[in-house]
Structure formats: structure tokens, C-alpha cells
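Next comes input22.cif, with mmCIF, C-alpha atoms.
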data_final
loop_
_atom_site.label_atom_id
_atom_site.label_comp_id
_atom_site.auth_asym_id
_atom_site.auth_seq_id
_atom_site.Cartn_x
_atom_site.Cartn_y
_atom_site.Cartn_z
CA MET A 1 0.00 0.00 0.00
CA LYS A 2 1.06 3.60 -0.67
CA VAL A 3 0.10 6.59 1.48
CA SER A 4 0.43 10.22 0.46
CA SER A 5 1.09 11.66 3.93
CA HIS A 6 0.93 11.06 7.70
CA HIS A 7 3.07 7.94 7.43
CA GLU A 8 3.46 7.57 11.20
CA LEU A 9 -0.29 7.73 11.88
CA PHE A 10 -0.84 4.89 9.41
CA ALA A 11 2.00 2.94 11.07
CA ASP A 12 0.30 3.36 14.45
CA PHE A 13 -3.03 2.25 12.97
CA LEU A 14 -1.47 -0.88 11.47
CA ALA A 15 0.41 -1.70 14.68
CA ASP A 16 -2.83 -1.48 16.66
CA THR A 17 -4.94 -3.34 14.09
CA LEU A 18 -2.87 -6.10 12.53
CA PRO A 19 -2.37 -9.48 14.23
CA ILE A 20 0.72 -9.85 12.01
CA GLY A 21 3.76 -7.70 11.34
CA PHE A 22 4.29 -5.33 8.44
CA GLU A 23 7.20 -3.87 6.54
CA GLU A 24 7.62 -0.10 6.27
CA THR A 25 8.84 1.43 3.00
CA ASP A 26 9.67 5.00 2.00
CA ASN A 27 6.14 5.74 0.79
CA GLY A 28 3.97 3.09 2.40
CA PHE A 29 3.77 -0.39 3.86
CA ILE A 30 3.92 -4.05 2.82
CA ILE A 31 1.64 -6.49 4.66
CA ARG A 32 2.12 -10.22 4.14
CA SER A 33 -0.37 -12.84 5.21
CA GLU A 34 -1.65 -16.26 4.19
CA GLU A 35 -5.17 -14.90 4.81
CA GLU A 36 -7.16 -12.51 2.61
CA LEU A 37 -6.47 -8.84 3.33
CA ASP A 38 -9.75 -7.34 2.07
CA THR A 39 -10.90 -6.35 5.56
CA ILE A 40 -7.59 -4.64 6.32
CA MET A 41 -7.74 -2.76 3.00
CA TRP A 42 -11.27 -1.58 3.78
CA GLY A 43 -10.15 -0.47 7.25
CA LEU A 44 -7.24 1.51 5.81
CA GLU A 45 -9.54 3.30 3.39
CA GLN A 46 -11.95 4.14 6.23
CA PHE A 47 -9.05 5.37 8.39
CA ALA A 48 -7.78 7.58 5.55
CA GLU A 49 -11.26 9.03 5.06
CA ALA A 50 -11.63 9.77 8.79
CA LEU A 51 -8.16 11.32 8.89
CA GLN A 52 -8.98 13.50 5.89
CA LYS A 53 -12.14 14.80 7.58
CA ALA A 54 -10.31 15.47 10.86
CA LEU A 55 -7.42 17.31 9.21
CA GLY A 56 -9.36 19.07 6.47
CA LYS A 57 -6.82 18.06 3.82
CA SER A 58 -6.40 15.34 1.22
CA VAL A 59 -5.07 11.99 2.47
CA GLU A 60 -4.65 9.39 -0.26
CA VAL A 61 -4.14 5.67 0.22
CA GLU A 62 -3.62 3.15 -2.57
CA CYS A 63 -3.95 -0.56 -1.73
CA THR A 64 -3.05 -3.44 -4.01
CA GLN A 65 -2.92 -7.20 -3.42
CA LYS A 66 -0.61 -9.78 -4.99
CA LYS A 67 -0.52 -13.55 -4.58
CA LEU A 68 2.99 -14.99 -4.47
CA GLN A 69 4.56 -18.33 -3.75
CA ASN A 70 6.27 -18.36 -0.34
CA ASN A 71 9.77 -18.62 -1.81
CA ASP A 72 9.00 -15.74 -4.22
CA TRP A 73 7.92 -13.24 -1.60
CA VAL A 74 10.75 -14.16 0.78
CA GLU A 75 13.32 -13.39 -1.91
CA SER A 76 11.42 -10.28 -2.97
CA TYR A 77 11.32 -9.11 0.63
CA LYS A 78 15.04 -9.66 1.12
CA ASN A 79 15.89 -7.82 -2.07
CA SER A 80 13.76 -4.84 -0.99
CA ILE A 81 15.74 -4.19 2.22
CA GLU A 82 18.73 -2.04 1.37
CA PRO A 83 21.58 -1.46 3.86
CA LEU A 84 21.90 2.15 5.04
CA VAL A 85 24.88 4.37 5.82
CA ILE A 86 24.06 6.97 8.48
CA ASP A 87 27.11 8.87 9.69
CA LYS A 88 29.34 6.30 11.45
CA PHE A 89 26.79 3.51 11.18
CA TYR A 90 26.10 0.83 8.59
CA ILE A 91 22.64 -0.65 9.21
CA HIS A 92 21.90 -3.90 7.44
CA PRO A 93 19.67 -6.98 7.73
CA THR A 94 20.88 -10.35 8.92
CA TRP A 95 21.43 -11.64 5.39
CA SER A 96 23.80 -8.81 4.35
CA ASP A 97 27.55 -8.65 5.01
CA ASN A 98 29.24 -6.24 7.41
CA HIS A 99 30.88 -3.06 6.16
CA PRO A 100 34.66 -3.16 6.67
CA ASN A 101 35.09 0.49 7.69
CA LEU A 102 31.89 1.51 9.49
CA ILE A 103 30.14 0.60 12.74
CA ASN A 104 27.83 -2.25 11.80
CA ILE A 105 24.33 -2.57 13.22
CA VAL A 106 22.43 -5.72 12.34
CA ILE A 107 18.65 -5.30 12.50
CA ASP A 108 16.04 -7.89 11.63
CA PRO A 109 13.49 -5.66 9.86
CA ALA A 110 10.70 -8.14 10.48
CA LEU A 111 10.83 -7.61 14.23
CA ALA A 112 9.73 -4.01 14.85
CA PHE A 113 9.51 -0.46 13.60
CA GLY A 114 12.91 1.19 13.49
CA THR A 115 15.33 0.10 10.78
CA GLY A 116 16.81 3.52 10.06
CA HIS A 117 14.75 4.12 6.92
CA HIS A 118 12.30 6.52 8.57
CA PRO A 119 13.56 10.14 8.91
CA THR A 120 13.00 10.18 12.69
CA THR A 121 15.18 7.11 13.23
CA ALA A 122 17.84 8.33 10.81
CA SER A 123 18.02 11.76 12.47
CA SER A 124 18.21 10.20 15.92
CA LEU A 125 21.10 8.03 14.76
CA ARG A 126 22.91 11.12 13.46
CA ALA A 127 22.51 12.79 16.85
CA ILE A 128 23.71 9.66 18.68
CA SER A 129 26.71 9.48 16.35
CA GLN A 130 27.68 13.01 17.35
CA TYR A 131 26.92 13.12 21.06
CA VAL A 132 27.35 9.64 22.57
CA LYS A 133 30.80 8.83 23.94
CA LYS A 134 32.41 5.81 25.53
CA ASP A 135 31.11 5.04 29.06
CA ASP A 136 28.16 7.44 28.75
CA ARG A 137 24.99 6.37 30.56
CA VAL A 138 22.18 6.37 27.98
CA LEU A 139 18.43 5.95 28.38
CA ASP A 140 16.32 5.08 25.31
CA VAL A 141 12.65 5.84 25.99
CA GLY A 142 10.26 4.14 23.58
CA CYS A 143 12.99 1.85 22.28
CA GLY A 144 10.96 0.17 19.48
CA SER A 145 13.38 -2.11 17.62
CA GLY A 146 16.23 -1.13 19.95
CA ILE A 147 18.27 0.37 17.12
CA LEU A 148 19.07 3.65 18.94
CA GLY A 149 20.22 1.89 22.10
CA ILE A 150 22.25 -0.57 20.03
CA ALA A 151 23.93 2.34 18.22
CA ALA A 152 24.82 3.90 21.58
CA MET A 153 26.22 0.58 22.84
CA LYS A 154 28.30 0.27 19.67
CA LEU A 155 29.89 3.60 20.67
CA GLY A 156 30.76 2.22 24.11
CA ALA A 157 27.84 3.53 26.14
CA VAL A 158 25.99 1.71 28.92
CA VAL A 159 22.33 1.67 27.85
CA ASP A 160 19.03 1.29 29.66
CA ALA A 161 15.82 1.17 27.62
CA CYS A 162 12.07 1.00 28.06
CA ASP A 163 8.89 0.82 26.00
CA THR A 164 5.24 0.58 26.96
CA ASP A 165 4.84 -2.11 24.27
CA PRO A 166 6.05 -5.53 25.50
CA VAL A 167 6.64 -6.68 21.90
CA SER A 168 9.07 -3.79 21.40
CA VAL A 169 10.95 -4.76 24.55
CA GLU A 170 11.22 -8.36 23.36
CA ASN A 171 12.35 -7.27 19.89
CA SER A 172 14.94 -4.85 21.29
CA ILE A 173 16.47 -7.68 23.29
CA LYS A 174 16.53 -9.92 20.20
CA ASN A 175 18.14 -7.24 18.03
CA ALA A 176 20.75 -6.54 20.71
CA LYS A 177 21.64 -10.26 20.74
CA LEU A 178 22.02 -10.18 16.93
CA ASN A 179 24.76 -7.60 17.57
CA ASN A 180 26.30 -9.57 20.45
CA LEU A 181 25.18 -6.85 22.86
CA GLU A 182 23.01 -6.67 25.96
CA PHE A 183 21.09 -3.80 27.50
CA HIS A 184 22.22 -2.90 31.02
CA SER A 185 18.52 -2.84 31.91
CA ILE A 186 15.36 -2.94 29.80
CA TRP A 187 11.75 -2.96 30.93
CA GLU A 188 8.14 -2.62 29.86
CA GLY A 189 6.96 0.78 31.02
CA SER A 190 8.07 4.39 31.14
CA ALA A 191 10.84 6.61 32.50
CA SER A 192 8.82 7.76 35.50
CA ASN A 193 10.00 6.93 39.03
CA LEU A 194 13.62 6.43 37.97
CA ASP A 195 16.39 7.42 40.40
CA GLU A 196 19.17 7.12 37.80
CA LYS A 197 20.79 10.05 36.01
CA TYR A 198 21.82 9.71 32.38
CA THR A 199 24.37 11.50 30.23
CA ILE A 200 22.16 11.04 27.17
CA VAL A 201 18.38 10.62 27.11
CA VAL A 202 16.84 9.80 23.73
CA ALA A 203 13.13 9.57 22.97
CA ASN A 204 11.90 8.95 19.42
CA ILE A 205 8.15 8.90 19.97
CA VAL A 206 5.54 11.47 18.87
CA ALA A 207 5.07 15.14 19.77
CA ASP A 208 2.12 14.69 22.12
CA VAL A 209 3.89 12.01 24.15
CA LEU A 210 7.14 14.03 24.28
CA THR A 211 5.12 16.90 25.71
CA PHE A 212 3.33 14.69 28.22
CA ILE A 213 6.51 13.03 29.56
CA ALA A 214 8.71 16.15 29.48
CA ASN A 215 9.19 16.29 33.26
CA ASP A 216 10.09 12.58 33.42
CA LEU A 217 12.76 12.99 30.73
CA LYS A 218 14.26 16.13 32.25
CA LYS A 219 14.30 14.58 35.72
CA VAL A 220 16.61 11.73 34.63
CA MET A 221 19.08 13.97 32.76
CA ALA A 222 22.46 14.45 34.36
CA GLU A 223 23.43 18.06 35.10
CA ASP A 224 25.36 18.35 31.83
CA GLY A 225 23.23 15.78 30.06
CA VAL A 226 21.92 15.84 26.51
CA LEU A 227 18.32 15.21 25.54
CA ILE A 228 17.58 13.93 22.02
CA LEU A 229 13.91 14.29 21.05
CA SER A 230 12.60 12.88 17.78
CA GLY A 231 9.36 11.86 16.10
CA ILE A 232 8.30 15.51 15.85
CA LEU A 233 6.39 16.80 12.84
CA ASP A 234 7.66 20.31 12.13
CA LYS A 235 4.21 21.83 12.68
CA TYR A 236 4.27 20.54 16.29
CA GLU A 237 7.84 21.64 17.05
CA GLU A 238 6.83 24.77 18.95
CA LYS A 239 4.37 22.78 21.05
CA VAL A 240 7.15 20.41 22.09
CA LEU A 241 9.60 23.23 22.83
CA ASN A 242 7.05 24.90 25.12
CA ALA A 243 7.31 21.83 27.38
CA TYR A 244 11.13 22.15 27.45
CA LYS A 245 11.48 25.90 28.06
CA ASP A 246 14.14 25.29 30.70
CA CYS A 247 16.37 23.72 28.02
CA LYS A 248 18.28 25.29 25.16
CA ILE A 249 18.51 23.97 21.61
CA THR A 250 22.00 22.65 20.87
CA GLN A 251 21.12 21.29 17.46
CA ARG A 252 18.09 20.96 15.18
CA ILE A 253 18.14 18.15 12.60
CA ALA A 254 15.41 18.39 9.97
CA GLN A 255 14.56 15.78 7.35
CA ASP A 256 11.46 16.06 5.18
CA GLU A 257 8.65 17.18 7.51
CA TRP A 258 10.30 15.70 10.60
CA VAL A 259 12.47 17.39 13.23
CA THR A 260 14.90 16.01 15.80
CA LEU A 261 15.94 18.33 18.62
CA VAL A 262 19.09 18.09 20.72
CA LEU A 263 18.62 19.95 24.02
CA LYS A 264 20.67 20.82 27.08
CA ARG A 265 19.64 22.44 30.34
CA GLU A 266 19.82 26.22 30.58
CA LYS A 267 22.54 27.29 33.03
#
Encoding of this model in C-alpha cells:
Amino acid sequence: MKVSSHHELFADFLADTLPIGFEETDNGFIIRSEEELDTIMWGLEQFAEALQKALGKSVEVECTQKKLQNNDWVESYKNSIEPLVIDKFYIHPTWSDNHPNLINIVIDPALAFGTGHHPTTASSLRAISQYVKKDDRVLDVGCGSGILGIAAMKLGAVVDACDTDPVSVENSIKNAKLNNLEFHSIWEGSASNLDEKYTIVVANIVADVLTFIANDLKKVMAEDGVLILSGILDKYEEKVLNAYKDCKITQRIAQDEWVTLVLKREK
């Protein structure tokens, strides 16, 4: 399926609706199932129509179905996943070879959202590449596939992670093992009620959640800590910044309609 806009909202809808996984592409999604997908296609069209009414702007969705032999779609799927170079990192699936000169991150793209292809993940990785140093304490809030925490561990950081989705926690652990790594601590839940202080706090979620959990994130930052916020549509940037008025912008990374903010405390 192809969507014209609001990629992340459709991803959330699919994650909440589908009993099976899905693959995210640059302009849409691929859903694979042995069952008919007519009901899902109808639901997507209804969701697009409701979204269009709520936003007052055109939202287009194009759904197509193909029947393939199992061996055909497996090979097609593998061929569709391209390795990525993002700053110091080379992100590739399990069936691709390591890069000889970059920091390799192996991610099974079937496990969870977060393979580096989405602008929010890519921008977060760029920020991590710049700011995370050896022996830093890092907290990844809303860890998803675990890719951001894995990137930080590859740079020598000690990483804790959490997600309110138990599947994401499980997948983060699996992806860490693919890279011969282990989270210092990982749990289902949020960053509230933590006594730890972290050099780097990263949260790639959505604007409304970043606003809601602002105090929790700031509370766990070390005095000279860095806060990396991503998942922000540019039209909601000011709303997010209003919740972090006691922080200053160190860097703003924009890609397409998405913004990642690197913040430090005002002194």
C-alpha cells in the first residue's frame, strides 16, 4: 500500500490493528499474510477518510494485493531491504555482510519499527553518532526495535531502555543479541519513578507524548546531560519546545517534515 502523507499515523493504525507484522517502505507499507487482506484494505480506506475529515486536507491511500509463492515473496522481501549508511553507522539486515570500515548494526526488519529508513530514526542516529561517547549512561525511551540503544552501545555507552509495548521490549532484546550486545537494563513501562541520572536521554516517539513526559525525561538527565527528542512533525515543534522551556537547543536536525531536537539544560 502507498500513502500520500501522515506515514506515522498509518503505522500506528497498522500496529494497533494487525495481528501480524508489516514492513515499512519510504512511501507506504507491505503487509504479508496467508489470509485474505480485504478487511484490512477496507479499514485503511476508512481510516484515511476519517483522517482526511479530521485534518481538512487530502489523504490518499492506494492498496493493491498480490498472490505470491512463499519462496518468491521471501526473496522479494530480502531484495527490498537495502543497507543504510548513516554517519558512522552501517545498518543492514541479517542476510547482508558487514561493512569493513563503518560501525555495523544488524537489524532484523521483520521484528519491529525502526530500521533507520524513517527520517525520525535516521536523524536520531545522526545525533547519537555526534553526542554519545564511551562510558556514557544512555536511556532510550520508547525503544521500538532497539536500534538507537544498540547504536549507543556500539559507541561504548551503557544503555538502559524502556517501552510501553512488550513486543518492542522483546524485539529490542533480540536485536541486541544479533549484535552480540546486551542492555544494562530494559523494561516494559516508562521513564517515571527512575532514580538514575543519564548523560544522554533519547526519545523517538511522537510530539504529544514528548510533551506529556517532558518532566520525566528532564528529571533523569544528568546536570550536563543531553536530551535527544525525535518523532516531531515540524508543525508541532513549537508545542514540544514549550514543554522544554528550561532547556536550550543545541542542534536541530530536519529531514522532510520531521524534526529532531538536541537539548541541554539552561545554566
Translate the PyMOL selection byres ((chain A and resi 241) around 12), as applied to the file shown, into an explicit residue set as a ChimeraX atom specification. /A:207-208,210-212,214,229-230,232,234-240,242-249,252,259-263
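Residue membership of the PyMOL selection byres ((chain A and resi 105) around 9) in the shown file amounts to Phe89, Tyr90, Ile91, His92, Pro93, Asn98, Ile103, Asn104, Val106, Ile107, Ile147, Ile150, Ala151, Lys154, Leu178 and Asn179 of chain A.
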Using the chain letters and numbers from the file, give me the residues hit by the PyMOL selection byres ((chain A and resi 131) around 12), as a PyMOL selection string. chain A and resi 124-130+132-134+136-138+151-152+155-157+199-202+225-228+250-251+262-264
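Distances to Ser192 of chain A were evaluated for A:Ser96, A:Ser58, A:Thr164, A:Asn180 using only C-alpha atoms, and the minimum falls at A:Thr164.
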Which residue, A:Asp165, A:Gly149, A:Ala203, A:Glu257, has the smallest gap to Glu182 of chain A when you use all atoms listed in the file? A:Gly149
